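Enquirer: For reference, this is start-v3.txt, and it has compact mmCIF, C-alpha atoms and all ligand atoms.
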# COMPACT_ATOMS: atom_id res chain seq x y z
CA MET A 557 -3.27 1.79 3.07
CA ASN A 558 -1.66 4.77 1.36
CA ALA A 559 -4.09 7.57 2.21
CA ALA A 560 -5.08 5.69 5.35
CA PHE A 561 -1.54 5.60 6.79
CA PRO A 562 -2.03 8.62 9.12
CA LEU A 563 -4.88 6.63 10.70
CA ILE A 564 -3.05 3.30 10.69
CA ARG A 565 0.23 4.61 12.12
CA PRO A 566 -1.02 5.25 15.69
CA VAL A 567 -2.45 1.74 15.76
CA LEU A 568 0.82 0.20 14.56
CA PHE A 569 2.82 2.39 16.95
CA ALA A 570 0.74 1.12 19.87
CA PHE A 571 2.48 -2.23 19.38
CA PRO A 572 6.15 -3.03 20.02
CA PRO A 573 8.11 -2.37 16.78
CA GLU A 574 8.65 -6.00 15.82
CA THR A 575 4.96 -6.86 16.38
CA ALA A 576 4.00 -3.86 14.24
CA HIS A 577 6.31 -5.18 11.54
CA THR A 578 4.83 -8.69 11.69
CA LEU A 579 1.32 -7.21 11.46
CA THR A 580 2.36 -5.11 8.45
CA LEU A 581 3.75 -8.20 6.70
CA LYS A 582 0.50 -10.08 7.40
CA ALA A 583 -1.61 -7.21 6.04
CA LEU A 584 0.53 -6.99 2.90
CA LYS A 585 0.28 -10.77 2.41
CA LEU A 586 -3.50 -10.49 2.64
CA GLY A 587 -3.46 -7.94 -0.17
CA LEU A 588 -4.34 -4.99 2.08
CA GLY A 589 -1.45 -2.83 0.90
CA PRO A 590 -1.87 0.08 -1.50
CA LYS A 591 -1.70 -0.55 -5.22
CA ILE A 592 -0.07 2.29 -7.07
CA GLU A 593 -0.19 2.06 -10.80
CA GLN A 594 3.26 2.65 -12.23
CA LYS A 595 3.04 4.33 -15.59
CA PRO A 596 6.32 4.05 -17.49
CA ASP A 597 8.10 7.39 -17.32
CA PRO A 598 11.38 7.81 -19.19
CA ILE A 599 12.44 10.61 -16.82
CA LEU A 600 12.34 8.24 -13.85
CA SER A 601 13.82 5.16 -15.48
CA SER A 602 17.50 4.37 -15.77
CA THR A 603 19.66 1.53 -17.02
CA LEU A 604 22.42 0.11 -14.86
CA TRP A 605 24.34 -3.11 -15.47
CA GLY A 606 22.15 -3.58 -18.55
CA ILE A 607 19.04 -3.70 -16.34
CA ASN A 608 16.24 -1.20 -16.80
CA PHE A 609 15.09 0.22 -13.44
CA PRO A 610 11.64 1.74 -14.05
CA ARG A 611 11.84 4.00 -10.99
CA PRO A 612 14.77 5.16 -8.88
CA THR A 613 13.37 4.21 -5.45
CA GLY A 614 13.69 0.68 -4.11
CA LEU A 615 12.92 -1.17 -0.91
CA ALA A 616 16.00 -1.71 1.27
CA ALA A 617 17.03 -5.09 2.65
CA GLY A 618 15.67 -6.24 5.99
CA PHE A 619 12.00 -5.40 5.46
CA ASP A 620 11.17 -8.64 3.64
CA LYS A 621 13.80 -10.98 5.02
CA ASN A 622 12.14 -14.19 3.79
CA ALA A 623 10.95 -12.94 0.38
CA GLU A 624 7.32 -13.39 1.43
CA ILE A 625 5.79 -10.17 0.14
CA ILE A 626 7.65 -9.33 -3.04
CA LYS A 627 4.57 -8.65 -5.18
CA PRO A 628 2.81 -6.43 -2.59
CA CYS A 629 6.03 -4.39 -2.33
CA PHE A 630 6.08 -3.79 -6.08
CA ASP A 631 2.37 -2.94 -5.90
CA MET A 632 3.23 -0.17 -3.40
CA GLY A 633 5.23 1.55 -6.14
CA PHE A 634 8.83 0.47 -5.60
CA GLY A 635 10.97 0.44 -8.75
CA PHE A 636 12.99 -2.43 -7.32
CA VAL A 637 12.86 -4.61 -4.24
CA GLU A 638 15.79 -6.06 -2.30
CA VAL A 639 14.88 -9.10 -0.23
CA GLY A 640 16.93 -10.74 2.56
CA THR A 641 19.34 -10.77 4.27
CA VAL A 642 19.09 -14.52 3.88
CA THR A 643 21.56 -16.97 5.40
CA PRO A 644 22.11 -20.64 4.40
CA LYS A 645 20.57 -22.13 7.56
CA PRO A 646 17.49 -20.78 9.35
CA GLN A 647 18.37 -18.84 12.48
CA LYS A 648 16.46 -17.09 15.25
CA GLY A 649 18.55 -13.94 15.54
CA ASN A 650 19.09 -12.07 18.80
CA PRO A 651 16.72 -12.22 21.79
CA LYS A 652 13.72 -9.87 21.70
CA PRO A 653 13.19 -6.97 22.09
CA ARG A 654 15.64 -6.12 19.33
CA ILE A 655 14.02 -3.22 17.49
CA PHE A 656 13.53 0.18 19.15
CA ARG A 657 11.70 3.22 17.76
CA ASP A 658 12.33 6.85 18.63
CA THR A 659 9.45 8.84 17.19
CA LYS A 660 10.98 12.18 18.14
CA THR A 661 14.00 11.66 15.90
CA GLN A 662 12.19 9.38 13.42
CA SER A 663 14.82 6.73 13.88
CA VAL A 664 15.14 3.05 14.75
CA ILE A 665 17.82 1.04 16.52
CA ASN A 666 17.87 -2.64 15.60
CA ARG A 667 19.97 -5.60 16.64
CA MET A 668 18.04 -8.27 14.76
CA GLY A 669 21.07 -10.48 13.96
CA PHE A 670 19.67 -11.84 10.67
CA PRO A 671 16.64 -13.81 11.88
CA ASN A 672 15.35 -15.69 8.83
CA ASP A 673 13.91 -18.98 7.66
CA GLY A 674 17.03 -20.01 5.72
CA VAL A 675 17.80 -20.29 2.03
CA GLU A 676 15.54 -23.25 1.28
CA THR A 677 12.33 -21.48 2.28
CA PHE A 678 13.58 -18.23 0.78
CA LYS A 679 14.21 -19.88 -2.59
CA THR A 680 10.76 -21.51 -2.56
CA ASN A 681 9.20 -18.09 -1.91
CA VAL A 682 11.18 -16.36 -4.67
CA ASN A 683 10.38 -19.12 -7.15
CA ALA A 684 6.66 -18.91 -6.32
CA TYR A 685 6.78 -15.17 -7.00
CA LEU A 686 8.73 -15.63 -10.24
CA LYS A 687 6.32 -18.29 -11.46
CA ASP A 688 2.98 -16.66 -10.70
CA GLN A 689 3.38 -12.99 -9.86
CA LYS A 690 6.34 -11.40 -11.54
CA ARG A 691 5.54 -8.58 -13.92
CA ASP A 692 7.84 -7.54 -16.72
CA GLY A 693 10.25 -4.93 -15.50
CA ASP A 694 10.15 -5.81 -11.77
CA ILE A 695 13.75 -5.83 -10.52
CA LEU A 696 14.56 -8.17 -7.67
CA GLY A 697 17.74 -7.82 -5.62
CA ILE A 698 18.79 -10.56 -3.22
CA ASN A 699 20.86 -9.68 -0.16
CA ILE A 700 22.98 -12.52 1.25
CA GLY A 701 24.74 -12.91 4.59
CA LEU A 702 26.33 -15.52 6.77
CA ASN A 703 25.08 -17.61 9.64
CA LYS A 704 26.18 -16.52 13.09
CA ASP A 705 28.12 -19.76 13.71
CA GLN A 706 29.96 -19.75 10.35
CA THR A 707 33.72 -19.41 10.81
CA GLU A 708 34.49 -19.60 7.06
CA PRO A 709 32.44 -16.70 5.61
CA ALA A 710 33.22 -17.54 1.98
CA GLU A 711 31.53 -20.94 2.41
CA ASP A 712 28.16 -19.38 3.24
CA TYR A 713 28.37 -16.83 0.44
CA LYS A 714 29.24 -19.63 -2.01
CA THR A 715 26.28 -21.76 -0.87
CA LEU A 716 23.94 -18.81 -1.26
CA ILE A 717 25.23 -18.01 -4.72
CA GLN A 718 24.78 -21.62 -5.81
CA GLU A 719 21.18 -21.48 -4.62
CA LEU A 720 20.18 -17.97 -5.62
CA GLY A 721 22.64 -16.71 -8.26
CA ASN A 722 20.32 -17.88 -11.00
CA ILE A 723 17.20 -16.11 -9.82
CA ALA A 724 18.47 -12.70 -8.67
CA ASP A 725 18.51 -9.61 -10.88
CA TYR A 726 21.32 -8.37 -8.65
CA LEU A 727 23.10 -9.80 -5.63
CA THR A 728 24.13 -7.84 -2.56
CA ILE A 729 26.94 -9.13 -0.39
CA ASN A 730 26.13 -7.88 3.07
CA ILE A 731 29.34 -7.34 5.02
CA SER A 732 28.12 -4.41 7.04
CA SER A 733 25.44 -5.47 9.51
CA PRO A 734 26.62 -4.50 13.00
CA ASN A 735 24.63 -7.36 14.53
CA THR A 736 26.56 -10.42 13.35
CA PRO A 737 29.81 -10.69 15.32
CA GLY A 738 32.87 -10.14 13.10
CA LEU A 739 30.87 -9.39 9.93
CA ARG A 740 32.08 -5.82 9.57
CA ASN A 741 35.69 -7.09 9.79
CA LEU A 742 35.11 -8.51 6.32
CA GLN A 743 35.27 -4.96 4.94
CA LYS A 744 38.98 -5.51 4.31
CA ARG A 745 40.95 -5.56 1.07
CA ALA A 746 42.55 -9.02 1.33
CA PHE A 747 39.29 -10.69 2.26
CA LEU A 748 37.21 -8.87 -0.33
CA MET A 749 39.58 -9.51 -3.23
CA GLN A 750 39.56 -13.23 -2.48
CA LEU A 751 35.82 -13.36 -1.81
CA LEU A 752 34.95 -11.64 -5.07
CA GLU A 753 37.09 -14.04 -7.02
CA GLN A 754 35.34 -16.98 -5.37
CA ILE A 755 31.94 -15.41 -5.96
CA ARG A 756 32.63 -14.91 -9.66
CA GLU A 757 33.84 -18.54 -10.00
CA GLU A 758 30.68 -19.71 -8.24
CA LEU A 759 28.47 -17.57 -10.47
CA ASP A 760 30.20 -18.96 -13.58
CA LYS A 761 29.42 -22.48 -12.37
CA SER A 762 25.89 -21.95 -11.14
CA CYS A 763 24.32 -19.63 -13.72
CA THR A 764 22.60 -21.63 -16.39
CA ALA A 765 23.69 -21.12 -19.97
CA GLY A 766 21.90 -18.22 -21.61
CA LYS A 767 21.15 -16.47 -18.31
CA THR A 768 23.13 -13.29 -17.75
CA LYS A 769 25.06 -13.32 -14.52
CA PRO A 770 23.63 -10.91 -11.95
CA PRO A 771 25.80 -7.93 -10.98
CA VAL A 772 27.42 -8.25 -7.57
CA LEU A 773 27.06 -5.31 -5.19
CA ILE A 774 28.68 -4.80 -1.81
CA LYS A 775 26.80 -3.13 1.03
CA LEU A 776 29.02 -1.10 3.34
CA ALA A 777 28.72 0.45 6.77
CA PRO A 778 28.79 4.21 7.29
CA ASP A 779 31.27 3.82 10.16
CA LEU A 780 34.49 3.78 8.14
CA ASP A 781 37.41 6.11 8.73
CA GLU A 782 39.21 7.87 5.89
CA GLU A 783 41.86 5.19 5.52
CA GLN A 784 39.26 2.40 5.40
CA ARG A 785 37.22 4.28 2.82
CA GLU A 786 40.25 4.84 0.60
CA GLU A 787 41.26 1.18 0.87
CA LEU A 788 37.74 -0.06 0.14
CA ALA A 789 37.24 2.26 -2.81
CA GLN A 790 40.51 1.08 -4.38
CA THR A 791 39.56 -2.54 -3.67
CA ALA A 792 36.18 -2.02 -5.30
CA LEU A 793 37.92 -0.67 -8.42
CA ASP A 794 40.61 -3.37 -8.50
CA ALA A 795 38.13 -6.20 -7.91
CA LYS A 796 35.75 -4.68 -10.48
CA ILE A 797 32.83 -4.70 -8.07
CA ASP A 798 29.67 -3.93 -10.04
CA GLY A 799 28.09 -1.63 -7.49
CA LEU A 800 28.08 -0.28 -3.95
CA ILE A 801 25.14 0.01 -1.59
CA LEU A 802 25.77 2.90 0.80
CA THR A 803 24.95 2.62 3.63
CA ASN A 804 23.87 0.15 6.27
CA THR A 805 22.95 1.32 9.79
CA THR A 806 25.41 3.19 12.04
CA LEU A 807 26.86 2.41 15.45
CA ALA A 808 27.13 6.15 16.11
CA ARG A 809 24.78 7.79 18.62
CA PRO A 810 24.28 11.53 18.04
CA ASP A 811 24.09 13.55 21.28
CA TYR A 812 20.47 14.56 20.74
CA LEU A 813 19.16 10.98 21.06
CA GLY A 814 17.34 10.29 24.33
CA GLU A 815 19.46 8.79 27.11
CA TYR A 816 17.76 5.39 27.36
CA TYR A 817 17.25 4.94 23.67
CA ARG A 818 20.85 5.74 22.78
CA LYS A 819 22.06 3.02 25.18
CA GLU A 820 20.40 0.26 23.14
CA GLN A 821 22.94 -1.78 21.22
CA GLY A 822 22.60 -2.18 17.47
CA GLY A 823 22.49 -0.15 14.28
CA LEU A 824 20.80 3.23 14.10
CA SER A 825 18.76 4.10 10.99
CA GLY A 826 16.40 6.85 9.89
CA LYS A 827 16.76 10.63 9.98
CA PRO A 828 19.89 10.80 12.20
CA LEU A 829 21.72 8.72 9.57
CA ALA A 830 20.80 10.87 6.57
CA ARG A 831 23.71 13.32 6.55
CA LYS A 832 26.34 10.76 7.41
CA SER A 833 25.29 8.32 4.69
CA THR A 834 25.11 11.12 2.10
CA GLN A 835 28.68 12.12 3.01
CA ILE A 836 29.82 8.52 2.57
CA ILE A 837 28.16 8.35 -0.86
CA HIS A 838 29.82 11.61 -1.86
CA ASN A 839 33.16 10.33 -0.65
CA PHE A 840 32.99 6.96 -2.43
CA TYR A 841 31.77 8.60 -5.62
CA ALA A 842 34.85 10.84 -5.59
CA LEU A 843 37.25 8.04 -4.59
CA THR A 844 35.98 5.73 -7.34
CA LYS A 845 35.79 8.65 -9.83
CA GLY A 846 32.16 7.81 -10.49
CA LYS A 847 33.15 4.51 -12.10
CA ILE A 848 31.10 2.29 -9.78
CA PRO A 849 27.32 2.78 -9.63
CA ILE A 850 26.03 3.50 -6.13
CA ILE A 851 22.65 2.73 -4.57
CA GLY A 852 22.24 5.33 -1.83
CA LEU A 853 20.24 5.02 1.36
CA GLY A 854 20.11 6.09 4.95
CA GLY A 855 17.48 8.32 6.48
CA ILE A 856 15.57 9.22 3.31
CA SER A 857 12.27 10.68 4.41
CA SER A 858 11.40 13.05 1.55
CA GLY A 859 11.97 13.63 -2.15
CA GLU A 860 14.56 16.21 -1.14
CA ASP A 861 16.50 13.65 0.92
CA ALA A 862 16.46 11.26 -2.02
CA TYR A 863 17.67 14.02 -4.32
CA LYS A 864 20.57 14.77 -1.96
CA LYS A 865 21.71 11.15 -2.31
CA ILE A 866 21.52 11.43 -6.11
CA ARG A 867 23.42 14.73 -6.02
CA ALA A 868 26.10 13.06 -3.91
CA GLY A 869 26.59 10.41 -6.59
CA ALA A 870 23.94 7.71 -6.14
CA SER A 871 22.24 6.36 -9.25
CA LEU A 872 19.34 4.80 -7.33
CA VAL A 873 18.02 5.08 -3.77
CA GLN A 874 16.40 2.77 -1.23
CA ILE A 875 14.27 3.34 1.84
CA TYR A 876 13.37 1.45 4.99
CA THR A 877 12.98 3.48 8.19
CA GLY A 878 11.23 6.34 6.37
CA LEU A 879 8.53 3.85 5.43
CA ILE A 880 7.89 3.13 9.12
CA TYR A 881 7.28 6.81 9.91
CA GLN A 882 5.82 8.15 6.67
CA GLY A 883 4.11 5.12 5.22
CA PRO A 884 3.95 4.10 1.56
CA GLU A 885 3.32 7.67 0.37
CA LEU A 886 7.05 8.21 0.76
CA ILE A 887 7.75 5.78 -2.10
CA ASP A 888 6.05 8.03 -4.61
CA GLU A 889 7.39 11.15 -2.95
CA ALA A 890 10.96 9.84 -3.17
CA SER A 891 10.53 8.70 -6.80
CA VAL A 892 8.33 11.19 -8.57
CA ASN A 893 9.28 14.28 -6.59
CA LEU A 894 12.94 13.40 -6.83
CA TYR A 895 13.41 15.36 -10.03
CA GLN A 896 10.87 18.14 -9.46
C1 LIG B 901 14.70 -3.40 11.42
C2 LIG B 901 15.78 -3.32 10.38
C3 LIG B 901 16.29 -4.50 9.85
C4 LIG B 901 17.31 -4.44 8.87
N1 LIG B 901 17.79 -5.60 8.34
C5 LIG B 901 18.72 -5.55 7.35
C6 LIG B 901 19.17 -6.74 6.72
O1 LIG B 901 18.71 -7.85 7.01
N2 LIG B 901 20.13 -6.62 5.77
C7 LIG B 901 20.65 -5.40 5.37
O2 LIG B 901 21.52 -5.37 4.48
N3 LIG B 901 20.22 -4.26 5.94
C8 LIG B 901 19.27 -4.32 6.90
N4 LIG B 901 18.82 -3.16 7.47
C9 LIG B 901 19.45 -1.87 7.06
C10 LIG B 901 18.64 -1.16 5.96
O3 LIG B 901 18.57 -1.91 4.79
C11 LIG B 901 19.28 0.21 5.65
O4 LIG B 901 20.58 0.00 5.13
C12 LIG B 901 19.39 1.13 6.86
O5 LIG B 901 18.29 0.99 7.72
C13 LIG B 901 19.50 2.62 6.44
O6 LIG B 901 18.38 3.02 5.67
P1 LIG B 901 17.07 3.74 6.33
O7 LIG B 901 17.59 4.86 7.19
O8 LIG B 901 16.24 4.18 5.16
O9 LIG B 901 16.40 2.70 7.15
C14 LIG B 901 17.82 -3.18 8.44
C15 LIG B 901 17.27 -2.00 8.98
C16 LIG B 901 16.27 -2.06 9.93
C17 LIG B 901 15.71 -0.78 10.48
How would this structure read if it were set down as structure tokens?
Expert:
Amino acid sequence: MNAAFPLIRPVLFAFPPETAHTLTLKALKLGLGPKIEQKPDPILSSTLWGINFPRPTGLAAGFDKNAEIIKPCFDMGFGFVEVGTVTPKPQKGNPKPRIFRDTKTQSVINRMGFPNDGVETFKTNVNAYLKDQKRDGDILGINIGLNKDQTEPAEDYKTLIQELGNIADYLTINISSPNTPGLRNLQKRAFLMQLLEQIREELDKSCTAGKTKPPVLIKLAPDLDEEQREELAQTALDAKIDGLILTNTTLARPDYLGEYYRKEQGGLSGKPLARKSTQIIHNFYALTKGKIPIIGLGGISSGEDAYKKIRAGASLVQIYTGLIYQGPELIDEASVNLYQ
């Protein structure tokens, strides 16, 4: 699929975005994805939280929501793969259409609302991968979120940690999707301090003896004002958060987006997000004095973009929308060309 992507892209783009995504998942499940041999390269590898990441570029959350195609994603050349967002109960998400492409600006607006098959199916899928397909060195992140009807957010996060804490290499607490009502309000000091305490208690209880507890990362939105950023950075330090994932999609709509496209509700990702997310990374790196590792993402569509995130303070990067427009070649470009 790698070299063939320029031929495949017009076919995929002839379909509505969500259909194109479903077709891509099917093709990857059938083993039709590219297989890029990853030779160990000390220049590309890094150790964070005691985990060795063989390459700096990972798959961002949302692409493989149900953990169905973990192995094919590693085969494409990702150094780590983040699956989810998964919620305790299955849910349908928002009515379709809910993903919109704008080829001119190489961006996407989505208002998916966490459609997923729920934690039971998710866990079965992850366990099947761990049993039969996992290779040494593959790093699996699990991104967890809450069901739309949950009024006690901590309850859902606790359930998910009980179920998945034992099998994740790292856990991402998603409090930044713009498509679950009230979720972004959780990006507050009082809530986060309490939530992190509960999460740590739950991890202590649910991680089997001998298994190291996974680091807990928080994924934040790019739409935070200066005061919010300062408060969150201090909270992250005080609560000893292991890592930050910066950033999720933005609610902003730059002027140059087409009139009809910009009116769609949801989070904007891809090229128009690149600068903003890099600024947020830079800002959090400074506010936390580089003490909290950052995974940087938002609009990466070249090795240069990835390098900008690293220069701003990220230790690792992730991609999603760039993959839609550039295909799997971007994975290698963003990893290998990062340091050239
Ligand atoms: C269609 C779509 C679905 C997404 N779903 C999720 C999700 O379930 N959980 C999450 O944390 N982020 C989700 N994201 C956000 C991405 O992980 C990423 O933070 C964002 O798109 C910015 O990176 P990018 O510009 O490389 O896409 C989604 C993004 C897109 C485009």
Enquirer: Tell me which protein, DNA and RNA residues are within 12 Å of A:Gly589, counting all atoms listed in the file, leaving out same-chain ones fewer than 2 positions away, and put them as a PyMOL selection string.
Expert: chain A and resi 557-561+564+579-587+591-592+625-633+883-885
Enquirer: Please write out, as lines of an AutoDock Vina configuration file, where the centre of an axis-aligned box around all listed atoms of stretch 696-715 of chain A lies and how long its edges are, in Å to one decimal, after adding 5 Å on each side.
Expert:
center_x = 24.5
center_y = -14.8
center_z = 3.0
size_x = 29.9
size_y = 23.9
size_z = 31.4
Enquirer: Go through chain A residue by residue and, counting all atoms listed in the file, keep those with an atom at most 7 Å from ligand LIG 901 (chain B); for each kept residue give the shortest atom pair and its distance in Å to one decimal, ordered by chain and increasing number, as a tab-separated table.
Expert:
residue	atom	partner	partner_atom	distance
A:Ala616	CA	B:LIG901	O3	4.4
A:Ala617	CA	B:LIG901	O3	4.1
A:Gly618	CA	B:LIG901	N1	3.2
A:Phe619	CA	B:LIG901	C3	6.2
A:Lys621	CA	B:LIG901	O1	6.2
A:Gly640	CA	B:LIG901	O1	5.6
A:Thr641	CA	B:LIG901	O1	4.1
A:Ile655	CA	B:LIG901	C1	6.1
A:Val664	CA	B:LIG901	C17	5.8
A:Ile665	CA	B:LIG901	C17	6.7
A:Asn666	CA	B:LIG901	C1	5.3
A:Met668	CA	B:LIG901	C3	6.4
A:Phe670	CA	B:LIG901	O1	5.5
A:Asn699	CA	B:LIG901	O2	6.4
A:Asn730	CA	B:LIG901	O2	5.4
A:Ser733	CA	B:LIG901	C7	6.3
A:Lys775	CA	B:LIG901	O2	6.7
A:Thr803	CA	B:LIG901	O4	5.3
A:Asn804	CA	B:LIG901	O4	3.5
A:Thr805	CA	B:LIG901	C12	4.6
A:Ser825	CA	B:LIG901	O7	4.0
A:Gly826	CA	B:LIG901	O7	3.6
A:Lys827	CA	B:LIG901	O7	6.5
A:Leu829	CA	B:LIG901	O7	6.1
A:Ala830	CA	B:LIG901	O7	6.8
A:Leu853	CA	B:LIG901	O6	5.1
A:Gly854	CA	B:LIG901	O7	3.6
A:Gly855	CA	B:LIG901	O7	3.5
A:Ile856	CA	B:LIG901	O8	5.4
A:Gln874	CA	B:LIG901	O8	6.5
A:Ile875	CA	B:LIG901	O8	4.0
A:Tyr876	CA	B:LIG901	O9	3.9
A:Thr877	CA	B:LIG901	O9	3.7
A:Gly878	CA	B:LIG901	O8	5.6
Enquirer: Which of these, A:Ala570, A:Val637, A:Lys660, A:Glu711, has the shortest distance to A:Gly814 once you count all atoms listed in the file?
Expert: A:Lys660
Enquirer: Pick out the closest residue to A:Tyr713 from this set: A:Ile695, A:Val873, A:Leu748, A:Ile836. Count all atoms listed in the file.
Expert: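 Selected residue with least distance to A:Tyr713: A:Leu748.
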Enquirer: Which is closer to A:Gln750 than all the others in A:Asn735, A:Ser871, A:Thr659, A:Thr791, using only C-alpha atoms?
Expert: A:Thr791
Enquirer: Rank A:Asp712, A:Asp673, A:Asp794, A:Asp658 by their smallest atom-to-atom distance to A:Met749, using only C-alpha atoms, and report the top residue only.
Expert: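 Looking at the shortest contact to A:Met749, the residue is A:Asp794.
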Enquirer: Between A:Thr736, A:Asn722, A:Asn683, A:Thr643, which is the closest to A:Ile700 once you count only C-alpha atoms?
Expert: A:Thr643
Enquirer: When you look at A:Phe840 with a cut-off of 12 Å (counting all atoms listed in the file), what residues show up, excluding the ones that are within fewer than 3 positions of it in the same chain? I need them as JSON, numbers by chain.
Expert: {"A": [776, 778, 780, 782, 784, 785, 786, 787, 788, 789, 790, 791, 792, 793, 799, 800, 801, 802, 803, 833, 834, 835, 836, 837, 843, 844, 845, 846, 847, 848, 849, 850, 851, 852, 868, 869, 870]}
Enquirer: Within 8 Å of (32.3, -10.5, -12.0) in the file's own coordinates, which protein, DNA or RNA residues have an atom, counting all atoms listed in the file? List them as a count of residues only.
Expert: 9
Enquirer: For A:Pro828, which residue among A:Pro610, A:Pro810, A:Pro590, A:Pro709 is the nearest when counting only C-alpha atoms?
Expert: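 Among the listed residues, A:Pro810 lies closest to A:Pro828.
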Enquirer: Give me the residues near A:Leu720 as a list in words, where near means some atom within 9 Å (using only C-alpha atoms) and where sequence neighbours in that chain fewer than 5 positions away do not count.
Expert: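 Final neighbour list, sorted by chain and number: Val675, Lys679, Ile698, Thr715, Leu727 and Ser762 of chain A.
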Enquirer: If I take atom CA of A:Glu676 and atom CA of A:Val642, how far is one from the other in Å, to one decimal?
Expert: 9.8 Å
Enquirer: Any idea what the distance is between atom CA of A:Pro646 and atom CA of A:Gln743?
Expert: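 Result for atom CA of A:Pro646 versus atom CA of A:Gln743: 24.2 Å, one decimal.
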Enquirer: Report the distance between atom CA of A:Pro770 and atom CA of A:Thr707 in Å, rounded to one decimal place.
Expert: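 Atom CA of A:Pro770 sits 26.3 Å away from atom CA of A:Thr707.
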Enquirer: Please supply stretch 745-763 of chain A, rebuilt with N, CA and C atoms, as a PDB file, in the coordinates of the input.
Expert:
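Saved to result-v1.pdb:
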ATOM      1  N   ARG A 745      40.502  -5.319   2.444  1.00  0.00           N
ATOM      2  CA  ARG A 745      40.950  -5.560   1.070  1.00  0.00           C
ATOM      3  C   ARG A 745      41.243  -7.051   0.790  1.00  0.00           C
ATOM      4  N   ALA A 746      42.104  -7.648   1.629  1.00  0.00           N
ATOM      5  CA  ALA A 746      42.550  -9.020   1.330  1.00  0.00           C
ATOM      6  C   ALA A 746      41.347  -9.956   1.256  1.00  0.00           C
ATOM      7  N   PHE A 747      40.457  -9.811   2.231  1.00  0.00           N
ATOM      8  CA  PHE A 747      39.290 -10.690   2.260  1.00  0.00           C
ATOM      9  C   PHE A 747      38.394 -10.456   1.046  1.00  0.00           C
ATOM     10  N   LEU A 748      38.140  -9.196   0.759  1.00  0.00           N
ATOM     11  CA  LEU A 748      37.210  -8.870  -0.330  1.00  0.00           C
ATOM     12  C   LEU A 748      37.727  -9.316  -1.688  1.00  0.00           C
ATOM     13  N   MET A 749      39.007  -9.115  -1.936  1.00  0.00           N
ATOM     14  CA  MET A 749      39.580  -9.510  -3.230  1.00  0.00           C
ATOM     15  C   MET A 749      39.367 -11.008  -3.447  1.00  0.00           C
ATOM     16  N   GLN A 750      39.677 -11.768  -2.387  1.00  0.00           N
ATOM     17  CA  GLN A 750      39.560 -13.230  -2.480  1.00  0.00           C
ATOM     18  C   GLN A 750      38.087 -13.640  -2.611  1.00  0.00           C
ATOM     19  N   LEU A 751      37.249 -13.003  -1.795  1.00  0.00           N
ATOM     20  CA  LEU A 751      35.820 -13.360  -1.810  1.00  0.00           C
ATOM     21  C   LEU A 751      35.213 -13.107  -3.190  1.00  0.00           C
ATOM     22  N   LEU A 752      35.557 -11.970  -3.773  1.00  0.00           N
ATOM     23  CA  LEU A 752      34.950 -11.640  -5.070  1.00  0.00           C
ATOM     24  C   LEU A 752      35.384 -12.605  -6.160  1.00  0.00           C
ATOM     25  N   GLU A 753      36.629 -13.053  -6.045  1.00  0.00           N
ATOM     26  CA  GLU A 753      37.090 -14.040  -7.020  1.00  0.00           C
ATOM     27  C   GLU A 753      36.280 -15.337  -6.871  1.00  0.00           C
ATOM     28  N   GLN A 754      36.098 -15.743  -5.616  1.00  0.00           N
ATOM     29  CA  GLN A 754      35.340 -16.980  -5.370  1.00  0.00           C
ATOM     30  C   GLN A 754      33.888 -16.836  -5.819  1.00  0.00           C
ATOM     31  N   ILE A 755      33.329 -15.658  -5.578  1.00  0.00           N
ATOM     32  CA  ILE A 755      31.940 -15.410  -5.960  1.00  0.00           C
ATOM     33  C   ILE A 755      31.780 -15.493  -7.479  1.00  0.00           C
ATOM     34  N   ARG A 756      32.721 -14.887  -8.190  1.00  0.00           N
ATOM     35  CA  ARG A 756      32.630 -14.910  -9.660  1.00  0.00           C
ATOM     36  C   ARG A 756      32.748 -16.345 -10.177  1.00  0.00           C
ATOM     37  N   GLU A 757      33.689 -17.125  -9.589  1.00  0.00           N
ATOM     38  CA  GLU A 757      33.840 -18.540 -10.000  1.00  0.00           C
ATOM     39  C   GLU A 757      32.528 -19.274  -9.783  1.00  0.00           C
ATOM     40  N   GLU A 758      31.925 -19.024  -8.600  1.00  0.00           N
ATOM     41  CA  GLU A 758      30.680 -19.710  -8.240  1.00  0.00           C
ATOM     42  C   GLU A 758      29.549 -19.311  -9.199  1.00  0.00           C
ATOM     43  N   LEU A 759      29.517 -18.040  -9.543  1.00  0.00           N
ATOM     44  CA  LEU A 759      28.470 -17.570 -10.470  1.00  0.00           C
ATOM     45  C   LEU A 759      28.666 -18.195 -11.846  1.00  0.00           C
ATOM     46  N   ASP A 760      29.929 -18.323 -12.282  1.00  0.00           N
ATOM     47  CA  ASP A 760      30.200 -18.960 -13.580  1.00  0.00           C
ATOM     48  C   ASP A 760      29.656 -20.381 -13.593  1.00  0.00           C
ATOM     49  N   LYS A 761      29.853 -21.064 -12.441  1.00  0.00           N
ATOM     50  CA  LYS A 761      29.420 -22.480 -12.370  1.00  0.00           C
ATOM     51  C   LYS A 761      27.910 -22.592 -12.273  1.00  0.00           C
ATOM     52  N   SER A 762      27.295 -21.701 -11.482  1.00  0.00           N
ATOM     53  CA  SER A 762      25.890 -21.950 -11.140  1.00  0.00           C
ATOM     54  C   SER A 762      24.873 -21.260 -12.051  1.00  0.00           C
ATOM     55  N   CYS A 763      25.308 -20.288 -12.849  1.00  0.00           N
ATOM     56  CA  CYS A 763      24.320 -19.630 -13.720  1.00  0.00           C
ATOM     57  C   CYS A 763      24.128 -20.451 -14.987  1.00  0.00           C
TER      58      CYS A 763
END
